[in-house]
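Here is coords_0.tsv, consisting of TSV, C-alpha atoms:
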```
chain	number	residue	atom	x	y	z
A	229	MET	CA	0.00	0.00	0.00
A	230	ASN	CA	1.30	3.46	-0.94
A	231	GLU	CA	2.00	5.90	1.94
A	232	ASN	CA	-0.22	8.56	0.33
A	233	THR	CA	-3.13	6.18	-0.19
A	234	MET	CA	-5.70	5.84	2.56
A	235	PRO	CA	-6.56	2.21	3.31
A	236	SER	CA	-9.95	1.07	2.13
A	237	GLU	CA	-12.72	0.18	4.57
A	238	GLU	CA	-12.17	-3.50	3.81
A	239	GLU	CA	-8.42	-3.22	4.58
A	240	VAL	CA	-9.13	-1.43	7.87
A	241	LEU	CA	-11.71	-4.05	8.91
A	242	LEU	CA	-9.41	-6.93	8.01
A	243	THR	CA	-6.58	-5.37	9.99
A	244	PHE	CA	-8.90	-4.83	12.96
A	245	ALA	CA	-10.21	-8.40	12.73
A	246	VAL	CA	-6.74	-9.93	13.05
A	247	GLU	CA	-5.82	-7.89	16.16
A	248	PRO	CA	-5.00	-10.21	19.10
A	249	THR	CA	-7.65	-8.53	21.26
A	250	HIS	CA	-10.80	-6.63	20.35
A	251	ASP	CA	-11.22	-4.74	23.61
A	252	ARG	CA	-12.33	-1.16	24.11
A	253	LYS	CA	-8.82	0.30	23.77
A	254	THR	CA	-8.20	-1.46	20.47
A	255	LEU	CA	-11.52	-0.25	19.09
A	256	GLU	CA	-10.89	3.31	20.30
A	257	ARG	CA	-7.46	3.30	18.64
A	258	TYR	CA	-9.00	2.29	15.32
A	259	LEU	CA	-11.87	4.78	15.69
A	260	SER	CA	-9.44	7.65	16.27
A	261	GLU	CA	-7.16	6.53	13.45
A	262	PHE	CA	-9.95	5.82	10.93
A	263	PRO	CA	-12.98	7.96	11.90
A	264	GLU	CA	-14.35	7.68	8.37
A	265	HIS	CA	-14.88	3.94	8.98
A	266	SER	CA	-16.35	4.25	12.49
A	267	ILE	CA	-19.73	2.68	11.72
A	268	ALA	CA	-18.15	-0.30	9.98
A	269	LEU	CA	-15.61	-0.71	12.80
A	270	VAL	CA	-18.32	-0.72	15.48
A	271	ASP	CA	-20.36	-3.23	13.44
A	272	CYS	CA	-17.27	-5.41	13.02
A	273	SER	CA	-16.50	-5.18	16.75
A	274	ILE	CA	-20.04	-6.30	17.63
A	275	GLU	CA	-19.80	-9.18	15.17
A	276	LEU	CA	-16.46	-10.28	16.63
A	277	MET	CA	-17.94	-10.08	20.13
A	278	LEU	CA	-20.86	-12.24	19.00
A	279	ASP	CA	-18.44	-14.75	17.49
A	280	SER	CA	-16.41	-14.93	20.69
A	281	THR	CA	-19.50	-15.71	22.77
A	282	ARG	CA	-20.52	-18.64	20.62
A	283	SER	CA	-19.43	-22.12	21.48
A	284	ASN	CA	-17.76	-24.33	18.90
A	285	ASN	CA	-21.21	-25.37	17.70
A	286	VAL	CA	-22.94	-23.33	15.04
A	287	VAL	CA	-25.46	-21.03	16.71
A	288	GLU	CA	-28.16	-19.15	14.89
A	289	SER	CA	-28.16	-15.45	15.66
A	290	THR	CA	-31.44	-14.43	17.26
A	291	GLU	CA	-32.73	-11.00	18.13
A	292	ASP	CA	-32.07	-11.74	21.82
A	293	THR	CA	-28.45	-12.70	21.11
A	294	VAL	CA	-27.88	-9.54	19.08
A	295	GLU	CA	-29.59	-7.41	21.74
A	296	HIS	CA	-27.51	-9.04	24.50
A	297	ALA	CA	-24.27	-8.39	22.59
A	298	TRP	CA	-25.29	-4.81	21.84
A	299	GLN	CA	-26.08	-4.12	25.53
A	300	ARG	CA	-22.76	-5.61	26.60
A	301	PHE	CA	-20.93	-3.56	23.97
A	302	GLN	CA	-22.69	-0.36	25.08
A	303	ALA	CA	-21.88	-1.04	28.74
A	304	ILE	CA	-18.22	-1.54	27.91
A	305	MET	CA	-18.03	1.52	25.66
A	306	SER	CA	-19.97	3.80	28.03
A	307	VAL	CA	-17.21	4.01	30.62
A	308	ASP	CA	-16.58	7.71	31.25
A	309	ASP	CA	-12.81	8.09	31.55
A	310	ASP	CA	-13.28	11.24	33.68
A	311	ALA	CA	-15.75	9.66	36.11
A	312	PRO	CA	-14.33	8.25	39.33
A	313	LEU	CA	-14.13	4.47	39.15
A	314	ILE	CA	-15.69	2.76	42.15
A	315	ASN	CA	-13.74	-0.30	43.23
A	316	PRO	CA	-16.29	-2.82	44.56
A	317	PHE	CA	-13.48	-4.77	46.23
A	318	ALA	CA	-12.16	-1.79	48.22
A	319	LYS	CA	-14.67	-2.29	51.04
A	320	LEU	CA	-13.62	-5.94	51.56
A	321	ASN	CA	-11.12	-6.84	54.25
A	322	SER	CA	-9.09	-10.03	53.79
A	323	THR	CA	-11.67	-12.19	55.59
A	324	ALA	CA	-14.55	-10.82	53.49
A	325	PHE	CA	-12.43	-11.23	50.35
A	326	LYS	CA	-11.76	-14.91	51.10
A	327	SER	CA	-15.43	-15.41	51.98
A	328	LEU	CA	-16.46	-13.90	48.63
A	329	ALA	CA	-14.13	-16.29	46.78
A	330	LYS	CA	-15.65	-19.21	48.69
A	331	ARG	CA	-19.24	-18.13	47.89
A	332	LEU	CA	-18.31	-17.79	44.21
A	333	ASP	CA	-16.61	-21.22	44.39
A	334	ILE	CA	-13.34	-19.86	42.99
A	335	THR	CA	-9.80	-19.51	44.31
A	336	ASN	CA	-8.48	-16.36	45.91
A	337	LEU	CA	-6.05	-16.12	42.97
A	338	LEU	CA	-8.87	-15.85	40.43
A	339	LEU	CA	-10.63	-13.26	42.58
A	340	VAL	CA	-7.37	-11.27	42.87
A	341	ARG	CA	-7.09	-11.31	39.07
A	342	LEU	CA	-10.64	-9.97	38.82
A	343	ARG	CA	-9.95	-7.30	41.46
A	344	ASP	CA	-6.76	-6.23	39.68
A	345	ARG	CA	-8.52	-6.25	36.29
A	346	ALA	CA	-5.94	-8.69	34.97
A	347	ILE	CA	-8.61	-10.45	32.87
A	348	GLU	CA	-9.88	-9.06	29.55
A	349	PRO	CA	-13.42	-7.91	30.43
A	350	MET	CA	-14.93	-8.90	27.08
A	351	THR	CA	-13.92	-12.53	27.72
A	352	ILE	CA	-15.69	-12.77	31.10
A	353	PRO	CA	-19.11	-14.44	30.76
A	354	ILE	CA	-22.03	-12.14	31.55
A	355	ARG	CA	-23.55	-14.79	33.82
A	356	PHE	CA	-20.37	-14.81	35.93
A	357	ILE	CA	-20.38	-10.99	36.08
A	358	GLN	CA	-24.01	-11.11	37.25
A	359	LYS	CA	-23.13	-13.70	39.90
A	360	LEU	CA	-20.20	-11.58	41.11
A	361	ALA	CA	-22.41	-8.46	41.12
A	362	ALA	CA	-25.08	-10.21	43.20
A	363	GLU	CA	-22.46	-11.24	45.77
A	364	LEU	CA	-21.08	-7.68	45.87
A	365	GLU	CA	-24.65	-6.28	46.05
A	366	LEU	CA	-24.12	-4.22	42.91
A	367	THR	CA	-25.57	-4.15	39.42
A	368	GLY	CA	-23.94	-6.16	36.65
A	369	ASP	CA	-23.28	-2.90	34.78
A	370	ALA	CA	-21.43	-1.39	37.77
A	371	VAL	CA	-19.18	-4.45	38.00
A	372	LEU	CA	-18.64	-4.47	34.23
A	373	VAL	CA	-17.65	-0.80	34.29
A	374	PHE	CA	-15.11	-1.54	37.04
A	375	LEU	CA	-13.72	-4.61	35.23
A	376	ASN	CA	-13.34	-2.56	32.06
A	377	GLY	CA	-11.06	-0.04	33.80
A	378	SER	CA	-7.32	-0.05	33.35
A	379	PRO	CA	-5.44	-2.96	34.90
A	380	SER	CA	-4.05	-2.30	38.37
A	381	MET	CA	-0.42	-1.82	39.20
A	382	ILE	CA	1.21	-4.94	40.57
A	383	SER	CA	3.76	-4.64	43.32
A	384	ASN	CA	4.68	-6.64	46.36
A	385	HIS	CA	2.86	-4.02	48.48
A	386	SER	CA	6.10	-3.11	50.22
A	387	PHE	CA	7.21	0.48	50.23
A	388	ARG	CA	10.85	-0.64	50.25
A	389	SER	CA	10.70	-2.96	47.29
A	390	SER	CA	13.61	-3.22	44.90
A	391	VAL	CA	11.17	-4.30	42.18
A	392	LYS	CA	9.33	-1.59	40.27
A	393	PRO	CA	5.54	-1.85	40.26
A	394	MET	CA	4.16	-2.65	36.82
A	395	VAL	CA	0.81	-2.90	35.08
A	396	THR	CA	-0.41	-6.46	34.70
A	397	ASN	CA	-0.83	-7.96	31.26
A	398	GLN	CA	-4.44	-8.97	30.79
A	399	ILE	CA	-5.29	-12.58	30.02
A	400	THR	CA	-8.52	-14.14	28.81
A	401	PHE	CA	-11.05	-15.57	31.25
A	402	GLN	CA	-10.31	-19.02	29.81
A	403	GLU	CA	-6.57	-18.56	30.52
A	404	ALA	CA	-7.41	-17.37	34.03
A	405	ILE	CA	-9.53	-20.48	34.63
A	406	GLU	CA	-6.66	-22.71	33.55
A	407	THR	CA	-3.96	-20.92	35.59
A	408	SER	CA	-5.72	-19.98	38.83
A	409	GLN	CA	-5.27	-23.27	40.72
A	410	LEU	CA	-8.95	-24.22	40.38
A	411	THR	CA	-10.20	-27.75	40.90
A	412	ASP	CA	-11.70	-29.59	37.92
A	413	SER	CA	-15.14	-29.11	39.48
A	414	GLN	CA	-14.59	-25.34	39.79
A	415	LYS	CA	-13.31	-25.14	36.21
A	416	ASN	CA	-16.35	-27.03	34.90
A	417	SER	CA	-18.73	-24.76	36.86
A	418	LEU	CA	-17.11	-21.65	35.42
A	419	LYS	CA	-17.05	-23.03	31.87
A	420	ALA	CA	-20.79	-23.78	32.22
A	421	LEU	CA	-21.39	-20.03	32.73
A	422	GLU	CA	-19.87	-19.10	29.36
A	423	ASP	CA	-22.24	-17.19	27.10
```
Encoding of this model in structure tokens:
Amino acid sequence: MNENTMPSEEEVLLTFAVEPTHDRKTLERYLSEFPEHSIALVDCSIELMLDSTRSNNVVESTEDTVEHAWQRFQAIMSVDDDAPLINPFAKLNSTAFKSLAKRLDITNLLLVRLRDRAIEPMTIPIRFIQKLAAELELTGDAVLVFLNGSPSMISNHSFRSSVKPMVTNQITFQEAIETSQLTDSQKNSLKALED
């Protein structure tokens, strides 16, 4: 492609489609870079989100499925970067935190990853978000807005650390399930919640 030639809509969409993640930041980057293709990019993002929520079986797209994906997309995109982000985990002491993990039937490690926003929010099943929200006595949207915030800084919580704090790299919910020391029963329960 020539430097002076603007990429076509098809080229932009193909480039977007092969991105490793299709989260809010990726979409925003493409929207700012190619505003003339914003409608097509949003449509493509919704379609990719729908594809990611389907199991390996072929699923017919229904109005409810499309509506569900659209609502999830709007919730993720409606985060106001200037609004203060409420951390639903901030009010939990260590005992309450462990109790929450037990009620959710997950390990503390998986709950820490959720708290630190180390999991890509678009990969977390809505039914799990709703379950977490119910336990935190919040709405699913409030939890989703929190989870969609920037990943937390990781440090060893010592003020005299020789290691610099760093932002965590986000992983998919599936990767988190496999690497969070869950039992087979816990893994199966979480996989059953997938959209």
| request: To one decimal in Å, tell me the separation between CA of Pro379 in chain A and CA of Asp344 in chain A. | output: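 Taking CA of Pro379 in chain A and CA of Asp344 in chain A, their separation equals 5.9 Å.
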| Who sits within 9 Å of Pro349 in chain A, only C-alpha atoms, same chain under 4 positions skipped, as a VMD selection string | chain A and resid 251 304 345 353 372 375 to 377 400 to 401
| request: Give the answer as one residue: which of A:Leu259, A:Val373, A:Leu269, A:Val246 has the shortest atom-to-atom distance to Ile357 in chain A, using all atoms listed in the file? | output: A:Val373
| remark: Restricting to all atoms listed in the file, whichever of A:Ala268, A:Ile314, A:Leu339, A:Ile354 is closest to Lys326 in chain A is A:Leu339
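Using only C-alpha atoms for every distance, the candidate list A:Asp271, A:His250, A:Glu261, A:Gln409 yields A:Glu261 as the residue closest to Pro235 in chain A.
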| query | Looking at A:Ala324, A:Val270, A:Ile405, A:Val371, which one is nearest to Arg341 in chain A, with distances taken over all atoms listed in the file? | reply | A:Ile405
| field | Between CA of Leu241 in chain A and CA of Leu276 in chain A - distance in Å to one decimal | value | 11.0 Å
| query | Using all atoms listed in the file, which of the listed residues (A:Arg343, A:Phe374, A:Asp333, A:Glu275) sits closest to Asp412 in chain A? | reply |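 Ranked by minimum distance to Asp412 in chain A, first place goes to A:Asp333.
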| Given all atoms listed in the file as the counted atoms, nearest of A:Leu421, A:Phe262, A:Ser322, A:Ser413 to Gln358 in chain A |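 Checking each candidate against Gln358 in chain A, we get A:Leu421 as the closest.
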